[in-house]
file query.txt (compact mmCIF, C-alpha atoms)
# COMPACT_ATOMS: atom_id res chain seq x y z
CA MET A 21 8.22 -23.72 3.59
CA ILE A 22 8.29 -22.52 -0.02
CA SER A 23 10.08 -24.74 -2.47
CA LYS A 24 13.09 -23.25 -4.24
CA ALA A 25 12.45 -25.47 -7.24
CA GLY A 26 9.81 -23.15 -8.69
CA ALA A 27 6.53 -21.36 -8.15
CA ALA A 28 3.84 -23.20 -6.25
CA ARG A 29 0.80 -24.21 -8.24
CA PRO A 30 -1.97 -21.73 -7.43
CA THR A 31 -5.48 -22.61 -6.38
CA HIS A 32 -8.61 -20.71 -7.38
CA LEU A 33 -9.57 -17.58 -5.46
CA PRO A 34 -12.74 -17.68 -3.41
CA LYS A 35 -15.75 -15.93 -4.91
CA ARG A 36 -16.67 -13.66 -1.96
CA ILE A 37 -13.96 -11.19 -0.99
CA LEU A 38 -13.82 -8.46 1.67
CA ILE A 39 -11.39 -5.53 1.32
CA THR A 40 -10.84 -3.36 4.38
CA GLY A 41 -9.75 0.13 3.35
CA GLY A 42 -11.21 -0.64 -0.07
CA ALA A 43 -11.93 2.99 -0.92
CA GLY A 44 -8.26 3.83 -0.56
CA PHE A 45 -5.69 4.08 -3.32
CA ILE A 46 -4.58 0.43 -3.44
CA GLY A 47 -7.93 -0.92 -2.27
CA CYS A 48 -9.95 0.53 -5.13
CA HIS A 49 -7.52 -0.84 -7.73
CA LEU A 50 -7.63 -4.24 -6.04
CA ALA A 51 -11.44 -4.21 -5.99
CA GLU A 52 -11.54 -3.26 -9.66
CA SER A 53 -9.22 -6.13 -10.60
CA LEU A 54 -11.11 -8.72 -8.56
CA LEU A 55 -14.46 -7.61 -9.98
CA SER A 56 -13.13 -7.87 -13.53
CA GLN A 57 -12.26 -11.50 -12.73
CA GLY A 58 -15.86 -12.25 -11.77
CA HIS A 59 -15.59 -12.23 -7.98
CA GLN A 60 -18.05 -10.72 -5.50
CA VAL A 61 -16.36 -7.87 -3.65
CA THR A 62 -17.36 -6.03 -0.48
CA VAL A 63 -15.51 -2.92 0.70
CA ILE A 64 -15.48 -1.43 4.18
CA ASP A 65 -13.88 1.99 4.62
CA ASN A 66 -14.50 4.90 6.99
CA LEU A 67 -13.20 7.36 4.35
CA SER A 68 -10.68 8.92 6.75
CA THR A 69 -8.00 8.69 4.07
CA GLY A 70 -9.91 6.85 1.36
CA SER A 71 -12.32 8.52 -1.04
CA PHE A 72 -15.86 7.65 -2.08
CA GLU A 73 -14.93 8.84 -5.59
CA ASN A 74 -12.53 5.89 -5.84
CA ILE A 75 -15.40 3.40 -5.64
CA ARG A 76 -18.17 5.41 -7.31
CA PRO A 77 -17.47 3.87 -10.77
CA LEU A 78 -17.52 0.39 -9.21
CA ILE A 79 -20.92 1.05 -7.66
CA LYS A 80 -22.39 2.00 -11.02
CA GLN A 81 -20.82 -0.82 -13.01
CA TRP A 82 -20.96 -3.69 -10.52
CA SER A 83 -23.82 -2.81 -8.16
CA GLN A 84 -26.39 -1.15 -10.37
CA GLU A 85 -25.79 -2.93 -13.68
CA THR A 86 -25.30 -6.54 -12.53
CA GLN A 87 -27.76 -9.02 -11.07
CA PRO A 88 -27.07 -10.07 -8.47
CA PRO A 89 -24.88 -7.09 -7.53
CA LEU A 90 -21.22 -8.12 -7.44
CA PHE A 91 -20.05 -5.05 -5.49
CA ARG A 92 -21.15 -3.88 -2.03
CA PHE A 93 -19.74 -1.26 0.30
CA ALA A 94 -20.05 -0.19 3.92
CA ILE A 95 -18.96 3.26 5.09
CA ASP A 96 -17.84 2.32 8.57
CA THR A 97 -14.79 1.59 10.69
CA ILE A 98 -13.40 -1.93 11.06
CA THR A 99 -13.54 -1.52 14.83
CA ASN A 100 -17.35 -1.57 14.61
CA GLU A 101 -17.58 -5.18 15.77
CA GLY A 102 -21.16 -5.80 14.64
CA VAL A 103 -20.63 -4.58 11.09
CA LEU A 104 -17.27 -6.31 10.70
CA ASP A 105 -18.62 -9.61 12.08
CA ARG A 106 -21.43 -9.65 9.52
CA LEU A 107 -19.16 -8.84 6.60
CA VAL A 108 -16.53 -11.41 7.57
CA SER A 109 -19.19 -14.10 8.06
CA GLU A 110 -20.22 -13.57 4.43
CA CYS A 111 -16.77 -13.76 2.83
CA ASP A 112 -14.19 -16.39 1.88
CA LEU A 113 -11.11 -14.15 1.82
CA ILE A 114 -10.04 -10.85 3.40
CA PHE A 115 -7.55 -8.33 2.06
CA HIS A 116 -6.77 -6.17 5.09
CA LEU A 117 -5.56 -2.84 3.73
CA ALA A 118 -7.17 -0.44 6.21
CA ALA A 119 -4.45 1.55 8.00
CA ALA A 120 -3.23 5.04 8.81
CA VAL A 121 -0.99 6.00 5.89
CA GLY A 122 1.30 8.85 4.87
CA VAL A 123 4.25 10.30 6.75
CA LYS A 124 2.53 13.66 7.33
CA LEU A 125 -0.56 12.03 8.88
CA ILE A 126 1.56 9.70 11.01
CA VAL A 127 3.73 12.48 12.43
CA GLU A 128 0.79 14.75 13.16
CA ASN A 129 -1.60 12.08 14.54
CA PRO A 130 0.36 9.33 16.31
CA VAL A 131 -2.57 8.25 18.53
CA HIS A 132 -4.78 7.76 15.47
CA THR A 133 -1.96 5.87 13.74
CA ILE A 134 -1.34 3.41 16.56
CA GLU A 135 -5.00 2.80 17.40
CA THR A 136 -6.06 2.40 13.76
CA ASN A 137 -3.29 -0.01 12.88
CA VAL A 138 -3.12 -2.17 15.99
CA MET A 139 -6.76 -2.22 17.10
CA GLY A 140 -8.03 -2.47 13.54
CA THR A 141 -5.84 -5.45 12.70
CA GLU A 142 -6.76 -7.15 15.97
CA ALA A 143 -10.46 -6.75 15.13
CA VAL A 144 -9.98 -8.22 11.66
CA LEU A 145 -7.97 -11.20 12.92
CA LYS A 146 -10.50 -11.98 15.65
CA ALA A 147 -13.38 -11.95 13.18
CA ALA A 148 -11.40 -13.98 10.63
CA HIS A 149 -10.59 -16.59 13.26
CA ARG A 150 -14.24 -16.79 14.27
CA TYR A 151 -15.22 -17.82 10.73
CA ARG A 152 -11.93 -19.45 9.61
CA VAL A 153 -11.37 -16.96 6.78
CA LYS A 154 -7.99 -16.51 5.08
CA VAL A 155 -6.47 -13.04 5.57
CA LEU A 156 -3.81 -11.16 3.61
CA ILE A 157 -2.34 -8.40 5.78
CA ALA A 158 -0.87 -5.42 3.93
CA SER A 159 2.25 -4.37 5.82
CA THR A 160 4.97 -1.91 4.86
CA SER A 161 8.66 -1.48 4.13
CA GLU A 162 8.68 0.95 7.06
CA VAL A 163 9.15 -2.03 9.39
CA TYR A 164 12.79 -2.23 8.24
CA GLY A 165 13.43 1.05 10.03
CA LYS A 166 17.05 2.17 9.97
CA GLY A 167 18.32 -1.10 8.54
CA ASN A 168 21.49 -0.77 6.44
CA HIS A 169 21.48 -4.22 4.88
CA ILE A 170 20.50 -3.53 1.27
CA PRO A 171 18.43 -5.01 -0.29
CA PHE A 172 16.02 -5.70 2.59
CA ARG A 173 15.22 -9.37 3.17
CA GLU A 174 12.14 -10.56 4.99
CA ASP A 175 14.23 -12.14 7.78
CA ASP A 176 16.54 -9.15 8.37
CA ASP A 177 16.95 -7.71 11.85
CA VAL A 178 15.12 -4.45 12.47
CA VAL A 179 16.40 -1.18 13.97
CA LEU A 180 13.93 1.61 14.81
CA GLY A 181 14.43 5.07 16.24
CA PRO A 182 13.52 6.07 19.82
CA THR A 183 9.93 6.11 21.02
CA SER A 184 10.22 9.88 21.52
CA ARG A 185 10.18 10.26 17.71
CA THR A 186 6.58 9.84 16.55
CA ARG A 187 7.86 9.14 13.06
CA TRP A 188 8.53 5.53 14.13
CA ALA A 189 5.01 4.94 15.50
CA TYR A 190 3.83 3.69 12.13
CA ALA A 191 6.66 1.19 11.72
CA ALA A 192 6.23 -0.09 15.27
CA SER A 193 2.46 -0.44 14.91
CA LYS A 194 2.80 -2.38 11.65
CA MET A 195 5.37 -4.65 13.29
CA VAL A 196 2.83 -5.38 16.03
CA ASP A 197 0.32 -6.17 13.26
CA GLU A 198 2.76 -8.66 11.77
CA PHE A 199 3.57 -10.26 15.14
CA LEU A 200 -0.13 -10.61 15.92
CA ALA A 201 -0.98 -12.04 12.49
CA LEU A 202 1.81 -14.60 12.64
CA ALA A 203 0.79 -15.52 16.20
CA TYR A 204 -2.74 -16.22 14.97
CA SER A 205 -1.27 -18.34 12.20
CA ARG A 206 0.96 -20.42 14.49
CA GLU A 207 -1.19 -20.63 17.61
CA LYS A 208 -4.70 -20.68 16.16
CA ASP A 209 -3.97 -22.11 12.70
CA LEU A 210 -5.54 -19.10 10.97
CA PRO A 211 -4.44 -18.87 7.31
CA VAL A 212 -2.57 -15.55 7.22
CA ILE A 213 -0.25 -14.02 4.61
CA ILE A 214 1.77 -10.81 5.10
CA ALA A 215 2.82 -8.56 2.20
CA ARG A 216 5.31 -5.77 2.90
CA LEU A 217 4.58 -3.11 0.30
CA PHE A 218 7.37 -0.79 -0.89
CA ASN A 219 6.29 2.68 -2.05
CA THR A 220 3.28 1.74 -4.15
CA VAL A 221 2.23 4.55 -6.50
CA GLY A 222 0.00 5.19 -9.50
CA PRO A 223 -3.22 6.85 -10.67
CA ARG A 224 -5.70 7.93 -7.95
CA GLN A 225 -3.04 8.32 -5.27
CA THR A 226 -3.23 11.64 -3.47
CA GLY A 227 -0.35 13.75 -2.23
CA GLN A 228 -2.47 15.02 0.66
CA TYR A 229 -0.69 12.94 3.29
CA GLY A 230 2.87 13.36 2.05
CA MET A 231 3.08 10.81 -0.80
CA VAL A 232 5.97 12.05 -2.88
CA VAL A 233 5.07 11.08 -6.47
CA PRO A 234 1.61 12.69 -6.67
CA ARG A 235 2.93 15.71 -4.78
CA PHE A 236 5.80 16.19 -7.26
CA VAL A 237 3.50 15.69 -10.25
CA GLN A 238 0.90 18.16 -9.03
CA GLN A 239 3.58 20.77 -8.32
CA ALA A 240 5.19 20.26 -11.73
CA ILE A 241 2.02 20.55 -13.79
CA GLN A 242 0.95 23.62 -11.81
CA GLY A 243 4.27 25.35 -12.46
CA SER A 244 5.11 25.46 -8.75
CA PRO A 245 8.50 24.66 -7.24
CA VAL A 246 8.96 20.90 -6.83
CA SER A 247 9.75 20.64 -3.14
CA ILE A 248 12.15 17.97 -1.89
CA TYR A 249 12.21 17.18 1.82
CA GLY A 250 15.78 16.70 3.02
CA ASP A 251 18.80 16.70 0.72
CA GLY A 252 17.27 14.56 -2.05
CA ASN A 253 19.95 11.88 -1.84
CA GLN A 254 17.65 9.40 -0.09
CA SER A 255 16.73 6.60 -2.50
CA ARG A 256 13.50 4.68 -3.05
CA CYS A 257 12.00 2.04 -5.36
CA PHE A 258 8.51 2.83 -6.67
CA LEU A 259 6.03 0.09 -7.58
CA HIS A 260 3.08 0.53 -9.93
CA VAL A 261 -0.21 -0.17 -8.16
CA GLN A 262 -1.20 -2.65 -10.88
CA ASP A 263 1.93 -4.69 -10.16
CA ALA A 264 1.16 -4.56 -6.45
CA VAL A 265 -2.43 -5.74 -6.99
CA LYS A 266 -1.24 -8.66 -9.09
CA ALA A 267 1.22 -9.69 -6.37
CA LEU A 268 -1.43 -9.58 -3.62
CA ILE A 269 -3.85 -11.72 -5.61
CA LEU A 270 -1.18 -14.25 -6.57
CA LEU A 271 -0.11 -14.66 -2.94
CA THR A 272 -3.66 -15.58 -1.88
CA LYS A 273 -3.69 -18.32 -4.53
CA CYS A 274 -0.52 -19.94 -3.16
CA PRO A 275 -1.11 -22.42 -0.30
CA GLU A 276 2.60 -22.35 0.64
CA ALA A 277 2.39 -18.58 1.23
CA VAL A 278 0.30 -19.04 4.38
CA GLY A 279 2.19 -18.05 7.52
CA GLN A 280 4.86 -16.26 5.48
CA VAL A 281 6.05 -12.67 4.98
CA PHE A 282 6.81 -11.34 1.49
CA ASN A 283 8.39 -8.17 0.15
CA VAL A 284 6.33 -6.62 -2.67
CA GLY A 285 8.19 -3.88 -4.46
CA SER A 286 10.26 -2.71 -7.40
CA THR A 287 14.05 -2.98 -7.49
CA GLU A 288 14.52 0.05 -9.76
CA LYS A 289 16.26 2.47 -7.39
CA VAL A 290 16.14 6.25 -7.77
CA THR A 291 17.11 9.16 -5.54
CA ILE A 292 14.39 11.65 -4.68
CA LEU A 293 16.34 14.36 -6.52
CA GLU A 294 16.47 12.18 -9.64
CA LEU A 295 12.76 11.50 -9.24
CA ALA A 296 12.00 15.22 -9.15
CA GLN A 297 14.07 15.77 -12.28
CA MET A 298 12.26 12.94 -14.09
CA VAL A 299 8.86 14.34 -13.13
CA LEU A 300 9.79 17.79 -14.42
CA ALA A 301 11.15 16.40 -17.70
CA LEU A 302 8.15 14.16 -18.35
CA SER A 303 5.68 16.89 -17.45
CA ARG A 304 7.25 19.18 -20.04
CA LYS A 305 7.63 16.46 -22.67
CA HIS A 306 4.00 15.48 -22.49
CA LYS A 307 2.89 19.11 -22.40
CA LYS A 308 0.87 18.67 -19.24
CA ASN A 309 1.87 21.98 -17.68
CA ARG A 310 -1.45 23.74 -17.42
CA ASN A 311 0.13 27.18 -17.24
CA GLY A 312 1.97 26.65 -20.51
CA THR A 313 5.24 27.63 -18.85
CA LYS A 314 8.26 25.77 -17.60
CA ALA A 315 8.07 24.42 -14.09
CA GLU A 316 9.83 26.36 -11.37
CA PRO A 317 13.20 25.11 -10.04
CA ILE A 318 13.47 22.38 -7.45
CA SER A 319 13.44 23.59 -3.84
CA PHE A 320 14.83 21.84 -0.76
CA ILE A 321 12.93 21.92 2.53
CA PRO A 322 14.53 20.70 5.76
CA TYR A 323 12.79 17.76 7.40
CA GLU A 324 12.07 19.75 10.55
CA GLU A 325 10.09 22.28 8.48
CA ALA A 326 8.24 19.64 6.46
CA TYR A 327 7.39 17.35 9.37
CA ALA A 328 8.71 17.87 12.89
CA GLU A 329 11.84 18.67 14.89
CA GLY A 330 14.20 15.70 14.96
CA PHE A 331 12.48 13.85 12.09
CA GLU A 332 14.48 10.83 10.90
CA ASP A 333 14.26 9.27 7.46
CA MET A 334 15.39 6.02 5.88
CA ARG A 335 18.26 6.73 3.50
CA GLN A 336 17.63 3.68 1.32
CA ARG A 337 14.64 1.41 0.79
CA VAL A 338 15.31 -1.41 -1.65
CA PRO A 339 13.55 -4.80 -1.45
CA ASP A 340 14.85 -8.28 -2.10
CA ILE A 341 11.94 -9.83 -4.03
CA SER A 342 13.46 -13.25 -4.64
CA LYS A 343 11.14 -14.91 -2.10
CA ILE A 344 7.89 -13.86 -3.78
CA HIS A 345 9.35 -14.66 -7.19
CA ARG A 346 10.13 -18.21 -6.06
CA ALA A 347 6.69 -18.58 -4.50
CA VAL A 348 4.40 -17.29 -7.26
CA GLY A 349 6.66 -16.23 -10.13
CA TRP A 350 5.89 -12.53 -9.60
CA LYS A 351 8.04 -9.58 -10.54
CA PRO A 352 7.05 -6.02 -11.49
CA VAL A 353 6.63 -5.16 -15.15
CA HIS A 354 6.08 -1.38 -15.05
CA SER A 355 9.14 0.87 -15.24
CA LEU A 356 9.44 4.06 -13.19
CA LYS A 357 9.04 6.09 -16.37
CA ARG A 358 5.78 4.28 -17.15
CA ILE A 359 4.55 4.89 -13.61
CA LEU A 360 5.25 8.62 -13.81
CA ILE A 361 3.57 8.94 -17.19
CA ASP A 362 0.46 7.20 -15.85
CA VAL A 363 0.35 9.53 -12.82
CA ILE A 364 0.87 12.61 -14.99
CA ASN A 365 -1.88 11.51 -17.35
CA HIS A 366 -4.20 10.94 -14.39
CA PHE A 367 -3.75 14.48 -13.11
CA THR A 368 -3.98 16.14 -16.52
CA SER A 369 -6.77 14.14 -18.18
call {"tool": "encode", "arguments": {"input": "query.txt", "output": "structure tokens"}}
result
Amino acid sequence: MISKAGAARPTHLPKRILITGGAGFIGCHLAESLLSQGHQVTVIDNLSTGSFENIRPLIKQWSQETQPPLFRFAIDTITNEGVLDRLVSECDLIFHLAAAVGVKLIVENPVHTIETNVMGTEAVLKAAHRYRVKVLIASTSEVYGKGNHIPFREDDDVVLGPTSRTRWAYAASKMVDEFLALAYSREKDLPVIIARLFNTVGPRQTGQYGMVVPRFVQQAIQGSPVSIYGDGNQSRCFLHVQDAVKALILLTKCPEAVGQVFNVGSTEKVTILELAQMVLALSRKHKKNRNGTKAEPISFIPYEEAYAEGFEDMRQRVPDISKIHRAVGWKPVHSLKRILIDVINHFTS
């Protein structure tokens, strides 16, 4: 168990690190941070939702300009057993970030979601166990489902919607990932850590799969209506990707974190309507509207039009982060305003 007396003393990170889904939004930031600390990093990604452009600068800086190369990549799926086995055999630590992400993708492709999340995590855990490699599993706040106990604690009960609503396939699949990872930890003594990420946002995130912050920012700077799904009264807490990366790395340094689940998120709550208003105000203030005109008014789109008939949403999503703070002394440092400015600057630079 983690001592309540203070943060556990960290140990040094291994030098050879594998990131699954490393060409994705969080993965590329994580790779960048680890490389800057002098570690050897390998990325595997099939580019289904990740982008080669996210790792192109890393290839130039850390593969072509360093000897030996500190950065390697494999464009492949983690269910390719031969490729995954080789990569895991050559690493000391795995950050497992590969997953189906984004509400739009999940609703439209439930088979892909379930197979990617469950089978992919199983493949990673099997390979990690074969070579006794520590694994950090990136999970999600979605596993809290319809829970009404705010803020969410890691040991809260979970309530999901019916299996007839594909919207809950993602939450259920990530819960299976967590159950499987913890089973490997308890039964096979595999060093596993689970991080439940809450709405991680920042530069390089795309709005293609329904992510709300980049979608709002792109609409605002283009002078299009900022479209809110639902009534806008649902609330969220948005975490800067740099804060998330720091938390993930710190957890792998903490021996007492093994076999544990941790919330990783911000506690600065905002409604989606308030978020839209902030994006519009900051876009105008920083003169990033490419049309030189004021953004169009906010529009409201019913869930059934945005996603599917009978779509259900979580009204609130606020984490209790006291556990990770006790374990490694982590808490986020970026405000929501800072996050939005960084995203706006990314899209307008």
call {"tool": "closest_residue", "arguments": {"input": "query.txt", "among": "A:Arg187, A:Ile213, A:Ile361, A:Ile170", "to": "A:Ile269", "atoms": "only C-alpha atoms"}}
result
A:Ile213
call {"tool": "residues_around", "arguments": {"input": "query.txt", "residues": "A:Val290", "least_positions_apart": "6", "cutoff": "12 Å", "atoms": "only C-alpha atoms", "output": "number ranges by chain"}}
result
A: 219, 252-259, 296-298, 335-338, 355-357
call {"tool": "atom_distance", "arguments": {"input": "query.txt", "atom1": "atom CA of A:Ser68", "atom2": "atom CA of A:Ser53"}}
result
23.0 Å
call {"tool": "atom_distance", "arguments": {"input": "query.txt", "atom1": "atom CA of A:Glu85", "atom2": "atom CA of A:Arg36"}}
result
18.3 Å
call {"tool": "residues_near_point", "arguments": {"input": "query.txt", "point": "(16.0, 17.2, 11.7)", "cutoff": "12 Å", "atoms": "all atoms listed in the file", "output": "list in words"}}
result
Arg185, Arg187, Tyr249, Gly250, Asp251, Ile321, Pro322, Tyr323, Glu324, Glu325, Ala326, Tyr327, Ala328, Glu329, Gly330, Phe331, Glu332 and Asp333 of chain A
call {"tool": "residues_near_point", "arguments": {"input": "query.txt", "point": "(-4.0, 18.8, -11.6)", "cutoff": "9 Å", "atoms": "only C-alpha atoms", "output": "VMD selection string"}}
result
chain A and resid 237 to 239 241 to 242 310 364 366 to 369
call {"tool": "write_last_selection", "arguments": {"input": "query.txt", "atoms": "C-alpha atoms", "output": "compact mmCIF listing (two decimals), in the frame of the given file"}}
result
# COMPACT_ATOMS: atom_id res chain seq x y z
CA VAL A 237 3.50 15.69 -10.25
CA GLN A 238 0.90 18.16 -9.03
CA GLN A 239 3.58 20.77 -8.32
CA ILE A 241 2.02 20.55 -13.79
CA GLN A 242 0.95 23.62 -11.81
CA ARG A 310 -1.45 23.74 -17.42
CA ILE A 364 0.87 12.61 -14.99
CA HIS A 366 -4.20 10.94 -14.39
CA PHE A 367 -3.75 14.48 -13.11
CA THR A 368 -3.98 16.14 -16.52
CA SER A 369 -6.77 14.14 -18.18
call {"tool": "residues_around", "arguments": {"input": "query.txt", "residues": "A:Ile37", "least_positions_apart": "3", "cutoff": "8 Å", "atoms": "all atoms listed in the file", "output": "MDAnalysis selection string"}}
result
chainID A and resid 34 59:62 111:115
call {"tool": "decode", "arguments": {"input": "query.txt", "residues": "stretch 156-167 of chain A", "atoms": "N, CA and C atoms", "output": "PDB file, in the first residue's frame"}}
result
ATOM      1  N   LEU A 156       2.952   0.319 -17.655  1.00  0.00           N
ATOM      2  CA  LEU A 156       1.952   1.302 -17.240  1.00  0.00           C
ATOM      3  C   LEU A 156       0.824   1.274 -18.254  1.00  0.00           C
ATOM      4  N   ILE A 157      -0.376   0.973 -17.794  1.00  0.00           N
ATOM      5  CA  ILE A 157      -1.557   0.905 -18.654  1.00  0.00           C
ATOM      6  C   ILE A 157      -2.301   2.238 -18.574  1.00  0.00           C
ATOM      7  N   ALA A 158      -2.505   2.872 -19.712  1.00  0.00           N
ATOM      8  CA  ALA A 158      -3.293   4.103 -19.753  1.00  0.00           C
ATOM      9  C   ALA A 158      -4.768   3.733 -19.853  1.00  0.00           C
ATOM     10  N   SER A 159      -5.518   4.006 -18.788  1.00  0.00           N
ATOM     11  CA  SER A 159      -6.949   3.770 -18.784  1.00  0.00           C
ATOM     12  C   SER A 159      -7.667   5.114 -18.910  1.00  0.00           C
ATOM     13  N   THR A 160      -8.913   5.175 -18.504  1.00  0.00           N
ATOM     14  CA  THR A 160      -9.723   6.355 -18.789  1.00  0.00           C
ATOM     15  C   THR A 160     -10.769   6.620 -17.716  1.00  0.00           C
ATOM     16  N   SER A 161     -11.142   7.863 -17.583  1.00  0.00           N
ATOM     17  CA  SER A 161     -12.225   8.244 -16.669  1.00  0.00           C
ATOM     18  C   SER A 161     -13.563   7.676 -17.109  1.00  0.00           C
ATOM     19  N   GLU A 162     -13.641   7.217 -18.353  1.00  0.00           N
ATOM     20  CA  GLU A 162     -14.888   6.624 -18.846  1.00  0.00           C
ATOM     21  C   GLU A 162     -15.322   5.423 -18.014  1.00  0.00           C
ATOM     22  N   VAL A 163     -14.380   4.763 -17.340  1.00  0.00           N
ATOM     23  CA  VAL A 163     -14.752   3.573 -16.572  1.00  0.00           C
ATOM     24  C   VAL A 163     -15.685   3.915 -15.410  1.00  0.00           C
ATOM     25  N   TYR A 164     -15.786   5.188 -15.035  1.00  0.00           N
ATOM     26  CA  TYR A 164     -16.697   5.573 -13.954  1.00  0.00           C
ATOM     27  C   TYR A 164     -18.151   5.612 -14.406  1.00  0.00           C
ATOM     28  N   GLY A 165     -18.363   5.568 -15.720  1.00  0.00           N
ATOM     29  CA  GLY A 165     -19.711   5.452 -16.248  1.00  0.00           C
ATOM     30  C   GLY A 165     -20.658   6.521 -15.761  1.00  0.00           C
ATOM     31  N   LYS A 166     -21.801   6.087 -15.226  1.00  0.00           N
ATOM     32  CA  LYS A 166     -22.839   7.008 -14.774  1.00  0.00           C
ATOM     33  C   LYS A 166     -22.716   7.347 -13.286  1.00  0.00           C
ATOM     34  N   GLY A 167     -21.551   7.115 -12.726  1.00  0.00           N
ATOM     35  CA  GLY A 167     -21.358   7.368 -11.305  1.00  0.00           C
ATOM     36  C   GLY A 167     -21.720   8.793 -10.912  1.00  0.00           C
TER      37      GLY A 167
END
